[in-house]
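See structure below.
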Amino acid sequence: MENASKALIIAGAILLSILLISLGIMIFNQAQDTVGSINMSEQEIQAFNNKFTPYEGSNKRGTEVNALVQLVRANNQAAYDDGAKEKIIDIKTINGIDGYNISTTETGQVSGKVKTGEMFNVSFGYEKGLVKSITIQKLGS
């Protein structure tokens with residue numbers, strides 16, 4: 001009888017150990033997913049970029065550029081709120097549109113817009129597959 005009770009105590013200790021190890025592995029995996037959120041799948045990267053790619057190219061009207069600026073503003077605010085800094089997009093302007101004051105702060109806030117009657121080239125810069133910067137260039141300057 002004494003051996004049976006010791007065997008039950010040992011079996012219980014082993015089961016408890018397995019449970020604690022499993023719990024530790026589960027917590028580690030969840031923490032690793034949170035920290036490694038930049039490791040997005042190809043589908044997630046494509047879905048993220050697909051929001052912006054219709055605005056890329058030459059001969060884009062000012063209304064399209066302003067819509068893109070609004071989209072980036074909303075995206076950056078959501079990314080900043082979620083702590084996903086890798087999803088914050090920087091907007092750069094070149095070739096005569098300095099007066100429009102489109103700018104991006106360190107926290108991803110975007111301000112400014114362009115004249116709707118003018119034409120622009122819009123190009124993207126990528127980092128780890130994600131759209132990371134947008135360059136807006138005024139045509140005809």
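Each chain in the structure tokens gets a letter, A, B and so on, in the order shown; residues start at 1 in every chain, and ligands are counted from 1 in the order they appear.
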
What parts of region 8-92 of chain A does DSSP call strand (DSSP E or B)? I'd like the answer as a list in words.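 Across region 8-92 of chain A, those assigned strand (DSSP E or B) are Gly57, Ser58, Asn59, Lys60, Arg61, Asp90, Ile91 and Lys92 of chain A.
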
For the selection just defined, write its residues with C-alpha atoms to a file, as an mmCIF file, in the first residue's frame.
```cif
data_model
loop_
_atom_site.group_PDB
_atom_site.id
_atom_site.type_symbol
_atom_site.label_atom_id
_atom_site.label_comp_id
_atom_site.auth_asym_id
_atom_site.auth_seq_id
_atom_site.Cartn_x
_atom_site.Cartn_y
_atom_site.Cartn_z
ATOM 1 C CA GLY A 57 1.929 55.797 -60.880
ATOM 2 C CA SER A 58 2.225 58.870 -63.030
ATOM 3 C CA ASN A 59 -0.417 61.421 -64.021
ATOM 4 C CA LYS A 60 -2.372 61.151 -60.785
ATOM 5 C CA ARG A 61 -4.809 63.974 -60.134
ATOM 6 C CA ASP A 90 6.290 58.377 -44.444
ATOM 7 C CA ILE A 91 5.215 60.821 -47.171
ATOM 8 C CA LYS A 92 7.866 62.834 -49.022
#
```

Using only C-alpha atoms, which protein or nucleic acid residues come within 6 Å of Asn76 (chain A)? Drop anything in the same chain fewer than 3 positions from it, and give the result as a list in words. Val72, Arg73, Ala79, Tyr80, Ile88 and Gly108 of chain A

Calculated over only C-alpha atoms, which of the candidates A:Val69, A:Gln30, A:Met40, A:Tyr55 has the smallest distance to Asn121 (chain A)?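 So, comparing all the options, the nearest one is A:Tyr55.
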
Quick one: pick out all alpha helix (DSSP H) residues within chain A from a backbone DSSP run and write them as an MDAnalysis selection string. chainID A and resid 2:35 42:50 62:82

Only C-alpha atoms, please: the residues just picked out, written as an mmCIF file, in the first residue's frame.
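Result file is out_34.cif:
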```cif
data_model
loop_
_atom_site.group_PDB
_atom_site.id
_atom_site.type_symbol
_atom_site.label_atom_id
_atom_site.label_comp_id
_atom_site.auth_asym_id
_atom_site.auth_seq_id
_atom_site.Cartn_x
_atom_site.Cartn_y
_atom_site.Cartn_z
ATOM 1 C CA GLU A 2 2.856 2.339 0.808
ATOM 2 C CA ASN A 3 4.403 1.812 -2.658
ATOM 3 C CA ALA A 4 1.105 2.533 -4.405
ATOM 4 C CA SER A 5 0.712 5.849 -2.604
ATOM 5 C CA LYS A 6 4.281 6.882 -3.501
ATOM 6 C CA ALA A 7 3.635 5.912 -7.143
ATOM 7 C CA LEU A 8 0.507 8.117 -7.218
ATOM 8 C CA ILE A 9 2.432 11.055 -5.741
ATOM 9 C CA ILE A 10 5.210 10.657 -8.341
ATOM 10 C CA ALA A 11 2.672 10.370 -11.196
ATOM 11 C CA GLY A 12 0.912 13.495 -9.957
ATOM 12 C CA ALA A 13 4.206 15.388 -9.771
ATOM 13 C CA ILE A 14 5.056 14.326 -13.335
ATOM 14 C CA LEU A 15 1.647 15.441 -14.656
ATOM 15 C CA LEU A 16 1.973 18.758 -12.839
ATOM 16 C CA SER A 17 5.455 19.256 -14.331
ATOM 17 C CA ILE A 18 4.181 18.528 -17.842
ATOM 18 C CA LEU A 19 1.331 21.000 -17.319
ATOM 19 C CA LEU A 20 3.709 23.754 -16.159
ATOM 20 C CA ILE A 21 6.110 23.152 -19.060
ATOM 21 C CA SER A 22 3.213 23.269 -21.561
ATOM 22 C CA LEU A 23 1.929 26.498 -20.031
ATOM 23 C CA GLY A 24 5.412 28.035 -20.222
ATOM 24 C CA ILE A 25 5.763 27.091 -23.901
ATOM 25 C CA MET A 26 2.326 28.539 -24.691
ATOM 26 C CA ILE A 27 3.155 31.857 -22.984
ATOM 27 C CA PHE A 28 6.522 32.009 -24.751
ATOM 28 C CA ASN A 29 4.913 31.448 -28.167
ATOM 29 C CA GLN A 30 2.308 34.165 -27.560
ATOM 30 C CA ALA A 31 4.982 36.638 -26.459
ATOM 31 C CA GLN A 32 7.103 35.774 -29.489
ATOM 32 C CA ASP A 33 4.126 36.396 -31.822
ATOM 33 C CA THR A 34 3.578 39.806 -30.255
ATOM 34 C CA VAL A 35 7.222 40.827 -30.497
ATOM 35 C CA GLU A 42 2.781 37.140 -47.807
ATOM 36 C CA GLN A 43 -1.015 37.462 -47.806
ATOM 37 C CA GLU A 44 -0.943 39.999 -44.963
ATOM 38 C CA ILE A 45 1.753 42.036 -46.726
ATOM 39 C CA GLN A 46 -0.184 41.945 -49.989
ATOM 40 C CA ALA A 47 -3.429 42.955 -48.259
ATOM 41 C CA PHE A 48 -1.642 45.860 -46.559
ATOM 42 C CA ASN A 49 -0.019 47.062 -49.797
ATOM 43 C CA ASN A 50 -3.207 46.634 -51.869
ATOM 44 C CA GLY A 62 -4.651 66.046 -56.985
ATOM 45 C CA THR A 63 -7.904 64.505 -55.758
ATOM 46 C CA GLU A 64 -6.302 61.044 -55.915
ATOM 47 C CA VAL A 65 -3.210 62.291 -54.085
ATOM 48 C CA ASN A 66 -5.369 63.883 -51.381
ATOM 49 C CA ALA A 67 -7.308 60.614 -51.010
ATOM 50 C CA LEU A 68 -3.972 58.805 -50.626
ATOM 51 C CA VAL A 69 -2.860 61.312 -47.965
ATOM 52 C CA GLN A 70 -6.123 60.693 -46.055
ATOM 53 C CA LEU A 71 -5.635 56.921 -46.334
ATOM 54 C CA VAL A 72 -2.062 57.180 -45.033
ATOM 55 C CA ARG A 73 -3.260 59.426 -42.202
ATOM 56 C CA ALA A 74 -5.843 56.827 -41.132
ATOM 57 C CA ASN A 75 -3.375 53.948 -41.544
ATOM 58 C CA ASN A 76 -0.667 55.666 -39.510
ATOM 59 C CA GLN A 77 -3.065 56.539 -36.702
ATOM 60 C CA ALA A 78 -4.276 52.920 -36.474
ATOM 61 C CA ALA A 79 -0.700 51.565 -36.637
ATOM 62 C CA TYR A 80 0.480 53.987 -33.946
ATOM 63 C CA ASP A 81 -2.461 53.115 -31.690
ATOM 64 C CA ASP A 82 -1.729 49.387 -32.125
#
```

Report, in Å to a single decimal, how far apart CA of Gly129 (chain A) and CA of Lys51 (chain A) are.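 Between CA of Lys51 (chain A) and CA of Gly129 (chain A) the gap works out to 13.9 Å.
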